[in-house]
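Containing PDB, C-alpha atoms: input-v5.pdb.
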ATOM      1  CA  MET A  68      33.128  41.226  25.467  1.00  0.00           C
ATOM      2  CA  GLU A  69      30.570  42.460  22.956  1.00  0.00           C
ATOM      3  CA  ILE A  70      28.269  45.425  23.693  1.00  0.00           C
ATOM      4  CA  LEU A  71      24.730  44.806  22.404  1.00  0.00           C
ATOM      5  CA  TYR A  72      23.066  47.933  23.825  1.00  0.00           C
ATOM      6  CA  GLU A  73      24.041  50.786  26.110  1.00  0.00           C
ATOM      7  CA  ASP A  74      22.517  53.953  27.581  1.00  0.00           C
ATOM      8  CA  GLU A  75      22.982  55.936  30.789  1.00  0.00           C
ATOM      9  CA  TYR A  76      20.873  53.479  32.825  1.00  0.00           C
ATOM     10  CA  LEU A  77      21.989  50.031  31.693  1.00  0.00           C
ATOM     11  CA  ILE A  78      24.282  48.055  29.446  1.00  0.00           C
ATOM     12  CA  VAL A  79      23.556  44.763  27.666  1.00  0.00           C
ATOM     13  CA  VAL A  80      26.531  42.596  26.767  1.00  0.00           C
ATOM     14  CA  TRP A  81      27.521  39.193  25.429  1.00  0.00           C
ATOM     15  CA  LYS A  82      29.530  37.350  28.087  1.00  0.00           C
ATOM     16  CA  PRO A  83      32.055  34.956  26.575  1.00  0.00           C
ATOM     17  CA  ALA A  84      32.567  31.520  28.126  1.00  0.00           C
ATOM     18  CA  GLY A  85      35.368  31.438  30.694  1.00  0.00           C
ATOM     19  CA  LEU A  86      34.742  34.879  32.188  1.00  0.00           C
ATOM     20  CA  GLU A  87      33.165  35.422  35.617  1.00  0.00           C
ATOM     21  CA  SER A  88      29.862  37.316  35.412  1.00  0.00           C
ATOM     22  CA  GLN A  89      30.524  39.154  38.689  1.00  0.00           C
ATOM     23  CA  SER A  90      33.647  40.467  40.410  1.00  0.00           C
ATOM     24  CA  SER A  91      36.392  37.861  40.622  1.00  0.00           C
ATOM     25  CA  ARG A  92      38.223  37.308  43.907  1.00  0.00           C
ATOM     26  CA  GLY A  93      41.504  36.568  42.156  1.00  0.00           C
ATOM     27  CA  LEU A  94      43.530  38.299  39.484  1.00  0.00           C
ATOM     28  CA  GLU A  95      41.518  36.924  36.567  1.00  0.00           C
ATOM     29  CA  ALA A  96      39.458  39.231  34.385  1.00  0.00           C
ATOM     30  CA  ASP A  97      35.713  39.420  35.056  1.00  0.00           C
ATOM     31  CA  MET A  98      32.709  41.121  33.484  1.00  0.00           C
ATOM     32  CA  VAL A  99      32.346  43.813  36.144  1.00  0.00           C
ATOM     33  CA  SER A 100      35.979  44.916  35.810  1.00  0.00           C
ATOM     34  CA  GLU A 101      35.761  44.870  32.012  1.00  0.00           C
ATOM     35  CA  LEU A 102      32.585  46.960  32.064  1.00  0.00           C
ATOM     36  CA  ARG A 103      34.050  49.487  34.483  1.00  0.00           C
ATOM     37  CA  ARG A 104      37.056  49.839  32.195  1.00  0.00           C
ATOM     38  CA  HIS A 105      34.773  50.275  29.177  1.00  0.00           C
ATOM     39  CA  ILE A 106      32.628  52.955  30.882  1.00  0.00           C
ATOM     40  CA  HIS A 107      35.678  54.761  32.233  1.00  0.00           C
ATOM     41  CA  ASN A 108      37.191  54.914  28.740  1.00  0.00           C
ATOM     42  CA  LEU A 109      33.969  56.490  27.459  1.00  0.00           C
ATOM     43  CA  SER A 110      33.713  59.015  30.313  1.00  0.00           C
ATOM     44  CA  PRO A 111      37.106  59.492  31.986  1.00  0.00           C
ATOM     45  CA  GLY A 112      37.365  61.699  35.044  1.00  0.00           C
ATOM     46  CA  ARG A 113      34.041  60.741  36.627  1.00  0.00           C
ATOM     47  CA  GLY A 114      35.460  58.415  39.267  1.00  0.00           C
ATOM     48  CA  GLU A 115      34.890  54.661  39.451  1.00  0.00           C
ATOM     49  CA  PRO A 116      31.847  53.733  37.314  1.00  0.00           C
ATOM     50  CA  TYR A 117      28.877  52.006  38.930  1.00  0.00           C
ATOM     51  CA  VAL A 118      28.143  48.517  37.579  1.00  0.00           C
ATOM     52  CA  GLY A 119      25.210  46.708  39.191  1.00  0.00           C
ATOM     53  CA  VAL A 120      25.061  42.914  38.838  1.00  0.00           C
ATOM     54  CA  ILE A 121      21.445  41.908  38.107  1.00  0.00           C
ATOM     55  CA  HIS A 122      21.729  38.203  37.304  1.00  0.00           C
ATOM     56  CA  ARG A 123      24.514  35.672  36.859  1.00  0.00           C
ATOM     57  CA  LEU A 124      25.848  33.070  34.468  1.00  0.00           C
ATOM     58  CA  ASP A 125      28.253  30.289  35.400  1.00  0.00           C
ATOM     59  CA  LYS A 126      31.842  30.990  34.381  1.00  0.00           C
ATOM     60  CA  PRO A 127      31.940  28.355  31.586  1.00  0.00           C
ATOM     61  CA  VAL A 128      28.602  29.533  30.131  1.00  0.00           C
ATOM     62  CA  SER A 129      28.308  32.230  27.454  1.00  0.00           C
ATOM     63  CA  GLY A 130      25.333  34.478  26.925  1.00  0.00           C
ATOM     64  CA  ILE A 131      23.481  37.785  27.015  1.00  0.00           C
ATOM     65  CA  MET A 132      23.518  39.709  30.284  1.00  0.00           C
ATOM     66  CA  VAL A 133      22.212  43.073  31.465  1.00  0.00           C
ATOM     67  CA  TYR A 134      24.025  45.234  34.026  1.00  0.00           C
ATOM     68  CA  ALA A 135      22.796  48.460  35.628  1.00  0.00           C
ATOM     69  CA  ARG A 136      24.751  51.693  35.340  1.00  0.00           C
ATOM     70  CA  GLU A 137      23.088  53.403  38.322  1.00  0.00           C
ATOM     71  CA  LYS A 138      21.446  52.238  41.551  1.00  0.00           C
ATOM     72  CA  LYS A 139      17.778  52.994  40.817  1.00  0.00           C
ATOM     73  CA  SER A 140      17.953  51.010  37.607  1.00  0.00           C
ATOM     74  CA  ALA A 141      19.671  48.176  39.482  1.00  0.00           C
ATOM     75  CA  GLY A 142      16.769  48.031  41.929  1.00  0.00           C
ATOM     76  CA  ALA A 143      14.123  48.077  39.189  1.00  0.00           C
ATOM     77  CA  LEU A 144      15.862  45.361  37.152  1.00  0.00           C
ATOM     78  CA  SER A 145      16.452  43.202  40.233  1.00  0.00           C
ATOM     79  CA  ARG A 146      12.739  43.377  41.053  1.00  0.00           C
ATOM     80  CA  GLN A 147      11.948  42.071  37.561  1.00  0.00           C
ATOM     81  CA  VAL A 148      14.245  39.106  38.221  1.00  0.00           C
ATOM     82  CA  SER A 149      12.676  38.318  41.617  1.00  0.00           C
ATOM     83  CA  ARG A 150       9.162  38.550  40.133  1.00  0.00           C
ATOM     84  CA  GLY A 151       9.984  36.322  37.180  1.00  0.00           C
ATOM     85  CA  GLN A 152       9.502  39.174  34.703  1.00  0.00           C
ATOM     86  CA  MET A 153      12.932  38.898  33.085  1.00  0.00           C
ATOM     87  CA  GLU A 154      12.670  36.310  30.307  1.00  0.00           C
ATOM     88  CA  LYS A 155      15.692  34.159  29.436  1.00  0.00           C
ATOM     89  CA  ARG A 156      16.163  31.356  26.930  1.00  0.00           C
ATOM     90  CA  TYR A 157      19.148  29.050  26.660  1.00  0.00           C
ATOM     91  CA  LEU A 158      20.607  26.891  23.919  1.00  0.00           C
ATOM     92  CA  ALA A 159      22.250  23.624  24.948  1.00  0.00           C
ATOM     93  CA  VAL A 160      23.885  20.768  23.048  1.00  0.00           C
ATOM     94  CA  LEU A 161      22.851  17.515  24.713  1.00  0.00           C
ATOM     95  CA  CYS A 162      24.639  14.181  24.342  1.00  0.00           C
ATOM     96  CA  GLY A 163      21.970  11.735  23.265  1.00  0.00           C
ATOM     97  CA  LYS A 164      18.638  11.605  21.473  1.00  0.00           C
ATOM     98  CA  VAL A 165      15.639  13.035  23.306  1.00  0.00           C
ATOM     99  CA  ASP A 166      12.480  10.919  23.469  1.00  0.00           C
ATOM    100  CA  LYS A 167      10.077  13.868  23.454  1.00  0.00           C
ATOM    101  CA  ASN A 168      10.571  16.978  21.321  1.00  0.00           C
ATOM    102  CA  VAL A 169       8.894  19.103  24.007  1.00  0.00           C
ATOM    103  CA  ASP A 170       8.832  18.291  27.714  1.00  0.00           C
ATOM    104  CA  LYS A 171       9.087  19.641  31.255  1.00  0.00           C
ATOM    105  CA  TYR A 172      11.330  18.355  34.063  1.00  0.00           C
ATOM    106  CA  VAL A 173      10.544  18.841  37.752  1.00  0.00           C
ATOM    107  CA  ASP A 174      13.182  17.719  40.251  1.00  0.00           C
ATOM    108  CA  TYR A 175      14.562  18.596  43.665  1.00  0.00           C
ATOM    109  CA  LEU A 176      18.176  19.764  43.839  1.00  0.00           C
ATOM    110  CA  LEU A 177      20.589  19.826  46.755  1.00  0.00           C
ATOM    111  CA  LYS A 178      23.689  22.020  46.560  1.00  0.00           C
ATOM    112  CA  ASP A 179      27.038  20.829  47.900  1.00  0.00           C
ATOM    113  CA  GLU A 180      28.900  24.006  48.874  1.00  0.00           C
ATOM    114  CA  LYS A 181      32.261  22.291  49.409  1.00  0.00           C
ATOM    115  CA  MET A 182      32.273  20.548  46.032  1.00  0.00           C
ATOM    116  CA  ASN A 183      30.505  23.429  44.215  1.00  0.00           C
ATOM    117  CA  LEU A 184      27.999  21.111  42.561  1.00  0.00           C
ATOM    118  CA  SER A 185      24.359  20.093  42.902  1.00  0.00           C
ATOM    119  CA  ARG A 186      22.545  16.781  42.580  1.00  0.00           C
ATOM    120  CA  ILE A 187      18.995  15.507  42.208  1.00  0.00           C
ATOM    121  CA  VAL A 188      17.568  14.167  45.482  1.00  0.00           C
ATOM    122  CA  ASP A 189      14.237  13.087  46.923  1.00  0.00           C
ATOM    123  CA  LYS A 190      11.698  15.786  47.727  1.00  0.00           C
ATOM    124  CA  GLY A 191      11.902  15.356  51.497  1.00  0.00           C
ATOM    125  CA  ILE A 192      15.662  15.808  51.823  1.00  0.00           C
ATOM    126  CA  THR A 193      16.592  18.771  54.054  1.00  0.00           C
ATOM    127  CA  GLY A 194      17.788  21.695  51.947  1.00  0.00           C
ATOM    128  CA  ALA A 195      16.414  20.326  48.666  1.00  0.00           C
ATOM    129  CA  ARG A 196      14.850  22.958  46.403  1.00  0.00           C
ATOM    130  CA  ARG A 197      12.286  22.447  43.653  1.00  0.00           C
ATOM    131  CA  ALA A 198      13.708  22.905  40.133  1.00  0.00           C
ATOM    132  CA  GLU A 199      11.618  23.227  36.969  1.00  0.00           C
ATOM    133  CA  LEU A 200      12.561  23.700  33.339  1.00  0.00           C
ATOM    134  CA  GLU A 201      10.990  23.273  29.917  1.00  0.00           C
ATOM    135  CA  TYR A 202      12.794  22.305  26.737  1.00  0.00           C
ATOM    136  CA  ARG A 203      12.103  21.880  23.043  1.00  0.00           C
ATOM    137  CA  VAL A 204      14.300  20.100  20.516  1.00  0.00           C
ATOM    138  CA  LEU A 205      15.518  22.212  17.601  1.00  0.00           C
ATOM    139  CA  LYS A 206      17.806  19.811  15.723  1.00  0.00           C
ATOM    140  CA  ASN A 207      19.596  16.445  15.901  1.00  0.00           C
ATOM    141  CA  ILE A 208      22.887  15.500  14.244  1.00  0.00           C
ATOM    142  CA  ALA A 209      24.835  12.245  14.180  1.00  0.00           C
ATOM    143  CA  GLU A 210      28.574  12.165  14.870  1.00  0.00           C
ATOM    144  CA  GLU A 211      30.906   9.878  12.909  1.00  0.00           C
ATOM    145  CA  THR A 212      31.092   7.718  16.035  1.00  0.00           C
ATOM    146  CA  GLY A 213      27.328   7.215  15.864  1.00  0.00           C
ATOM    147  CA  GLU A 214      26.671   9.465  18.863  1.00  0.00           C
ATOM    148  CA  ILE A 215      23.549  11.628  18.542  1.00  0.00           C
ATOM    149  CA  LEU A 216      23.811  15.291  19.551  1.00  0.00           C
ATOM    150  CA  THR A 217      20.685  17.342  20.221  1.00  0.00           C
ATOM    151  CA  LEU A 218      20.347  21.119  20.063  1.00  0.00           C
ATOM    152  CA  ALA A 219      17.626  22.194  22.487  1.00  0.00           C
ATOM    153  CA  GLU A 220      16.115  25.460  23.639  1.00  0.00           C
ATOM    154  CA  ILE A 221      15.655  25.537  27.410  1.00  0.00           C
ATOM    155  CA  HIS A 222      13.428  27.792  29.508  1.00  0.00           C
ATOM    156  CA  LEU A 223      14.179  27.916  33.227  1.00  0.00           C
ATOM    157  CA  LEU A 224      11.102  28.232  35.423  1.00  0.00           C
ATOM    158  CA  THR A 225      13.255  28.364  38.562  1.00  0.00           C
ATOM    159  CA  GLY A 226      16.831  29.533  39.100  1.00  0.00           C
ATOM    160  CA  ARG A 227      18.916  26.915  40.902  1.00  0.00           C
ATOM    161  CA  HIS A 228      22.651  26.290  41.144  1.00  0.00           C
ATOM    162  CA  HIS A 229      23.843  24.619  37.892  1.00  0.00           C
ATOM    163  CA  GLN A 230      20.183  23.772  37.239  1.00  0.00           C
ATOM    164  CA  ILE A 231      20.236  23.043  33.501  1.00  0.00           C
ATOM    165  CA  ARG A 232      23.456  21.050  33.711  1.00  0.00           C
ATOM    166  CA  VAL A 233      22.255  18.978  36.698  1.00  0.00           C
ATOM    167  CA  GLN A 234      18.738  18.258  35.467  1.00  0.00           C
ATOM    168  CA  MET A 235      19.654  17.360  31.898  1.00  0.00           C
ATOM    169  CA  SER A 236      22.425  15.071  33.129  1.00  0.00           C
ATOM    170  CA  GLY A 237      20.086  13.501  35.667  1.00  0.00           C
ATOM    171  CA  HIS A 238      17.641  12.655  32.881  1.00  0.00           C
ATOM    172  CA  GLY A 239      20.342  10.985  30.780  1.00  0.00           C
ATOM    173  CA  LEU A 240      21.146  13.964  28.552  1.00  0.00           C
ATOM    174  CA  PRO A 241      24.382  15.554  29.846  1.00  0.00           C
ATOM    175  CA  LEU A 242      25.704  18.668  28.146  1.00  0.00           C
ATOM    176  CA  TRP A 243      28.554  18.480  25.674  1.00  0.00           C
ATOM    177  CA  GLY A 244      31.797  19.652  27.301  1.00  0.00           C
ATOM    178  CA  ASP A 245      30.496  19.570  30.892  1.00  0.00           C
ATOM    179  CA  ARG A 246      33.274  18.245  33.126  1.00  0.00           C
ATOM    180  CA  LYS A 247      31.176  18.358  36.295  1.00  0.00           C
ATOM    181  CA  TYR A 248      28.091  16.484  35.176  1.00  0.00           C
ATOM    182  CA  ASN A 249      29.056  14.613  31.980  1.00  0.00           C
ATOM    183  CA  PRO A 250      31.166  11.528  32.862  1.00  0.00           C
ATOM    184  CA  ASP A 251      32.470  11.196  29.298  1.00  0.00           C
ATOM    185  CA  PHE A 252      34.167  14.588  29.498  1.00  0.00           C
ATOM    186  CA  ALA A 253      35.162  14.298  33.158  1.00  0.00           C
ATOM    187  CA  GLU A 254      37.198  11.151  32.439  1.00  0.00           C
ATOM    188  CA  LYS A 255      38.937  12.420  29.294  1.00  0.00           C
ATOM    189  CA  LYS A 256      41.122  15.358  30.256  1.00  0.00           C
ATOM    190  CA  GLU A 257      42.373  15.812  26.690  1.00  0.00           C
ATOM    191  CA  ARG A 258      38.918  17.018  25.657  1.00  0.00           C
ATOM    192  CA  THR A 259      38.970  20.793  25.994  1.00  0.00           C
ATOM    193  CA  ASP A 260      35.554  21.666  24.557  1.00  0.00           C
ATOM    194  CA  PRO A 261      33.679  24.366  26.522  1.00  0.00           C
ATOM    195  CA  VAL A 262      30.304  23.613  28.098  1.00  0.00           C
ATOM    196  CA  ALA A 263      27.726  23.809  25.313  1.00  0.00           C
ATOM    197  CA  LEU A 264      25.299  26.102  27.122  1.00  0.00           C
ATOM    198  CA  SER A 265      24.473  29.669  26.150  1.00  0.00           C
ATOM    199  CA  ALA A 266      21.897  32.251  27.249  1.00  0.00           C
ATOM    200  CA  TYR A 267      20.988  33.373  23.746  1.00  0.00           C
ATOM    201  CA  ARG A 268      17.750  35.328  24.329  1.00  0.00           C
ATOM    202  CA  LEU A 269      16.925  37.962  26.955  1.00  0.00           C
ATOM    203  CA  SER A 270      13.956  40.275  27.371  1.00  0.00           C
ATOM    204  CA  PHE A 271      12.963  42.749  30.102  1.00  0.00           C
ATOM    205  CA  ARG A 272      11.397  46.173  30.549  1.00  0.00           C
ATOM    206  CA  HIS A 273      13.620  49.217  30.532  1.00  0.00           C
ATOM    207  CA  PRO A 274      13.793  50.428  34.160  1.00  0.00           C
ATOM    208  CA  VAL A 275      13.077  54.058  33.194  1.00  0.00           C
ATOM    209  CA  THR A 276      11.042  54.086  29.970  1.00  0.00           C
ATOM    210  CA  GLY A 277       9.153  50.836  30.566  1.00  0.00           C
ATOM    211  CA  LYS A 278       9.846  49.787  26.975  1.00  0.00           C
ATOM    212  CA  VAL A 279      10.210  46.043  26.339  1.00  0.00           C
ATOM    213  CA  MET A 280      13.848  45.319  25.443  1.00  0.00           C
ATOM    214  CA  GLU A 281      14.513  42.100  23.515  1.00  0.00           C
ATOM    215  CA  PHE A 282      17.899  40.703  22.529  1.00  0.00           C
ATOM    216  CA  CYS A 283      18.995  37.592  20.673  1.00  0.00           C
ATOM    217  CA  ARG A 284      22.476  36.389  19.735  1.00  0.00           C
ATOM    218  CA  MET A 285      23.394  32.901  18.571  1.00  0.00           C
ATOM    219  CA  PRO A 286      26.501  31.244  20.049  1.00  0.00           C
ATOM    220  CA  GLU A 287      29.125  30.615  17.393  1.00  0.00           C
ATOM    221  CA  SER A 288      31.953  28.798  19.165  1.00  0.00           C
ATOM    222  CA  GLY A 289      32.705  25.175  19.977  1.00  0.00           C
ATOM    223  CA  ILE A 290      30.191  22.465  19.121  1.00  0.00           C
ATOM    224  CA  PHE A 291      27.526  25.107  18.343  1.00  0.00           C
ATOM    225  CA  ARG A 292      29.224  25.578  14.966  1.00  0.00           C
ATOM    226  CA  ARG A 293      27.887  22.146  13.958  1.00  0.00           C
ATOM    227  CA  PHE A 294      24.324  23.439  14.171  1.00  0.00           C
ATOM    228  CA  THR A 295      24.596  26.725  12.275  1.00  0.00           C
TER
END

Can the structure from this file be put into structure tokens for me?
Amino acid sequence: MEILYEDEYLIVVWKPAGLESQSSRGLEADMVSELRRHIHNLSPGRGEPYVGVIHRLDKPVSGIMVYAREKKSAGALSRQVSRGQMEKRYLAVLCGKVDKNVDKYVDYLLKDEKMNLSRIVDKGITGARRAELEYRVLKNIAEETGEILTLAEIHLLTGRHHQIRVQMSGHGLPLWGDRKYNPDFAEKKERTDPVALSAYRLSFRHPVTGKVMEFCRMPESGIFRRFT
């Protein structure tokens, strides 16, 4: 865990891939527990530290996250999320060459709770929710096998379960390392690459001062190294 910014109201961190962004039900480490330990080490003797979860990232996804350190700030930050005022940008490595360098996808997604996955369905299906995202291509590289990999910046216009992974796969551009939605990785268990998806930019207004806070950190692990 890497601390990017911290004050008495909030803390901005880099979540590594493989760590839950909220409290874990099992014995595994999670971001909330790690943050409580960090705050307690800074200010011992004040009881259990408050850590408010404002937004989430899937366990296999890395990226920048903001957590609140007191309840009023948690409420103010959560309102920014619900109003679409918290700006997030993702980097993804896609398997395949994209036809358009800039485009927008609009689909309808249905979540399967038992299987913990989502799929693209027709608009009229009960429970289907509209999903929108925009992307722009940043770079293409060719593997020795001839496979084309595409680094793309993605902007979510809605927040759905596994949205980026589902939509990009549904449009023929599955993410590198994605064992749920990329058949090539699902069938080859010896491939241990993490999902090539990272929330690399985050901006919001400070809940007390109102100042615009902007953060950017490039992912450096896995297949992302090929694009540095």

**Message:** as a PyMOL selection string, please: the residues near A:Ala195 (cut-off 12 Å, only C-alpha atoms, same-chain neighbours under 3 positions excluded).
**Reply:** chain A and resi 174-179+185-192+198+227-228

**Request:** For A:Met153, please output as a list in words all residues within 9 Å (counting only C-alpha atoms; exclusion window: fewer than 6 positions along the same chain).
**Result:**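 The residues satisfying every condition are Leu144, Gln147, Leu269, Ser270, Phe271 and Arg272 of chain A.
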
**Message:** I'd like the residues picked by the PyMOL selection byres ((chain A and resi 124-137) around 8) written out as a VMD selection string, using the chain letters and numbers from the file.
**Reply:** chain A and resid 75 to 88 116 to 123 138 to 141 144 229 261 to 269 282 to 284 286

For the residues selected in the previous step, produce a file with C-alpha atoms as a PDB file, in the coordinates of the input.
ATOM      1  CA  GLU A  75      22.982  55.936  30.789  1.00  0.00           C
ATOM      2  CA  TYR A  76      20.873  53.479  32.825  1.00  0.00           C
ATOM      3  CA  LEU A  77      21.989  50.031  31.693  1.00  0.00           C
ATOM      4  CA  ILE A  78      24.282  48.055  29.446  1.00  0.00           C
ATOM      5  CA  VAL A  79      23.556  44.763  27.666  1.00  0.00           C
ATOM      6  CA  VAL A  80      26.531  42.596  26.767  1.00  0.00           C
ATOM      7  CA  TRP A  81      27.521  39.193  25.429  1.00  0.00           C
ATOM      8  CA  LYS A  82      29.530  37.350  28.087  1.00  0.00           C
ATOM      9  CA  PRO A  83      32.055  34.956  26.575  1.00  0.00           C
ATOM     10  CA  ALA A  84      32.567  31.520  28.126  1.00  0.00           C
ATOM     11  CA  GLY A  85      35.368  31.438  30.694  1.00  0.00           C
ATOM     12  CA  LEU A  86      34.742  34.879  32.188  1.00  0.00           C
ATOM     13  CA  GLU A  87      33.165  35.422  35.617  1.00  0.00           C
ATOM     14  CA  SER A  88      29.862  37.316  35.412  1.00  0.00           C
ATOM     15  CA  PRO A 116      31.847  53.733  37.314  1.00  0.00           C
ATOM     16  CA  TYR A 117      28.877  52.006  38.930  1.00  0.00           C
ATOM     17  CA  VAL A 118      28.143  48.517  37.579  1.00  0.00           C
ATOM     18  CA  GLY A 119      25.210  46.708  39.191  1.00  0.00           C
ATOM     19  CA  VAL A 120      25.061  42.914  38.838  1.00  0.00           C
ATOM     20  CA  ILE A 121      21.445  41.908  38.107  1.00  0.00           C
ATOM     21  CA  HIS A 122      21.729  38.203  37.304  1.00  0.00           C
ATOM     22  CA  ARG A 123      24.514  35.672  36.859  1.00  0.00           C
ATOM     23  CA  LYS A 138      21.446  52.238  41.551  1.00  0.00           C
ATOM     24  CA  LYS A 139      17.778  52.994  40.817  1.00  0.00           C
ATOM     25  CA  SER A 140      17.953  51.010  37.607  1.00  0.00           C
ATOM     26  CA  ALA A 141      19.671  48.176  39.482  1.00  0.00           C
ATOM     27  CA  LEU A 144      15.862  45.361  37.152  1.00  0.00           C
ATOM     28  CA  HIS A 229      23.843  24.619  37.892  1.00  0.00           C
ATOM     29  CA  PRO A 261      33.679  24.366  26.522  1.00  0.00           C
ATOM     30  CA  VAL A 262      30.304  23.613  28.098  1.00  0.00           C
ATOM     31  CA  ALA A 263      27.726  23.809  25.313  1.00  0.00           C
ATOM     32  CA  LEU A 264      25.299  26.102  27.122  1.00  0.00           C
ATOM     33  CA  SER A 265      24.473  29.669  26.150  1.00  0.00           C
ATOM     34  CA  ALA A 266      21.897  32.251  27.249  1.00  0.00           C
ATOM     35  CA  TYR A 267      20.988  33.373  23.746  1.00  0.00           C
ATOM     36  CA  ARG A 268      17.750  35.328  24.329  1.00  0.00           C
ATOM     37  CA  LEU A 269      16.925  37.962  26.955  1.00  0.00           C
ATOM     38  CA  PHE A 282      17.899  40.703  22.529  1.00  0.00           C
ATOM     39  CA  CYS A 283      18.995  37.592  20.673  1.00  0.00           C
ATOM     40  CA  ARG A 284      22.476  36.389  19.735  1.00  0.00           C
ATOM     41  CA  PRO A 286      26.501  31.244  20.049  1.00  0.00           C
TER      42      PRO A 286
END

Take every atom of stretch 198-211 of chain A listed in the file, pad by 6 Å on each side, and give me the axis-aligned box centre and edge lengths in Å, one decimal, as JSON.
{"center_x": 20.9, "center_y": 16.8, "center_z": 26.5, "size_x": 31.9, "size_y": 25.8, "size_z": 39.2}

**Prompt:** Just how far from atom CA of A:Ile290 is atom CA of A:Leu205, in Å to one decimal?
**Reply:**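 Atom-to-atom, atom CA of A:Leu205 and atom CA of A:Ile290 are spaced 14.8 Å apart.
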
**Message:** So that I can see what lies close to A:Gly226, please list as a PyMOL selection string the residues with an atom at most 10 Å from it, counting all atoms listed in the file and leaving out residues fewer than 2 positions away in the same chain.
**Reply:** chain A and resi 148+151+197-200+223-224+228-231

**Item:** Nearest to A:Ile70, chosen from A:Leu94, A:Ile106, A:Met280, A:Val160, with only C-alpha atoms counted in the distances
**Value:** A:Ile106

**Atom-to-atom span, atom CA of A:Ile208 and atom CA of A:Gly239, Å** =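 Pair atom CA of A:Ile208 / atom CA of A:Gly239 returns 17.3 Å.
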
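Interatomic distance, atom CA of A:Ser288 to atom CA of A:Asp166: 26.8 Å.
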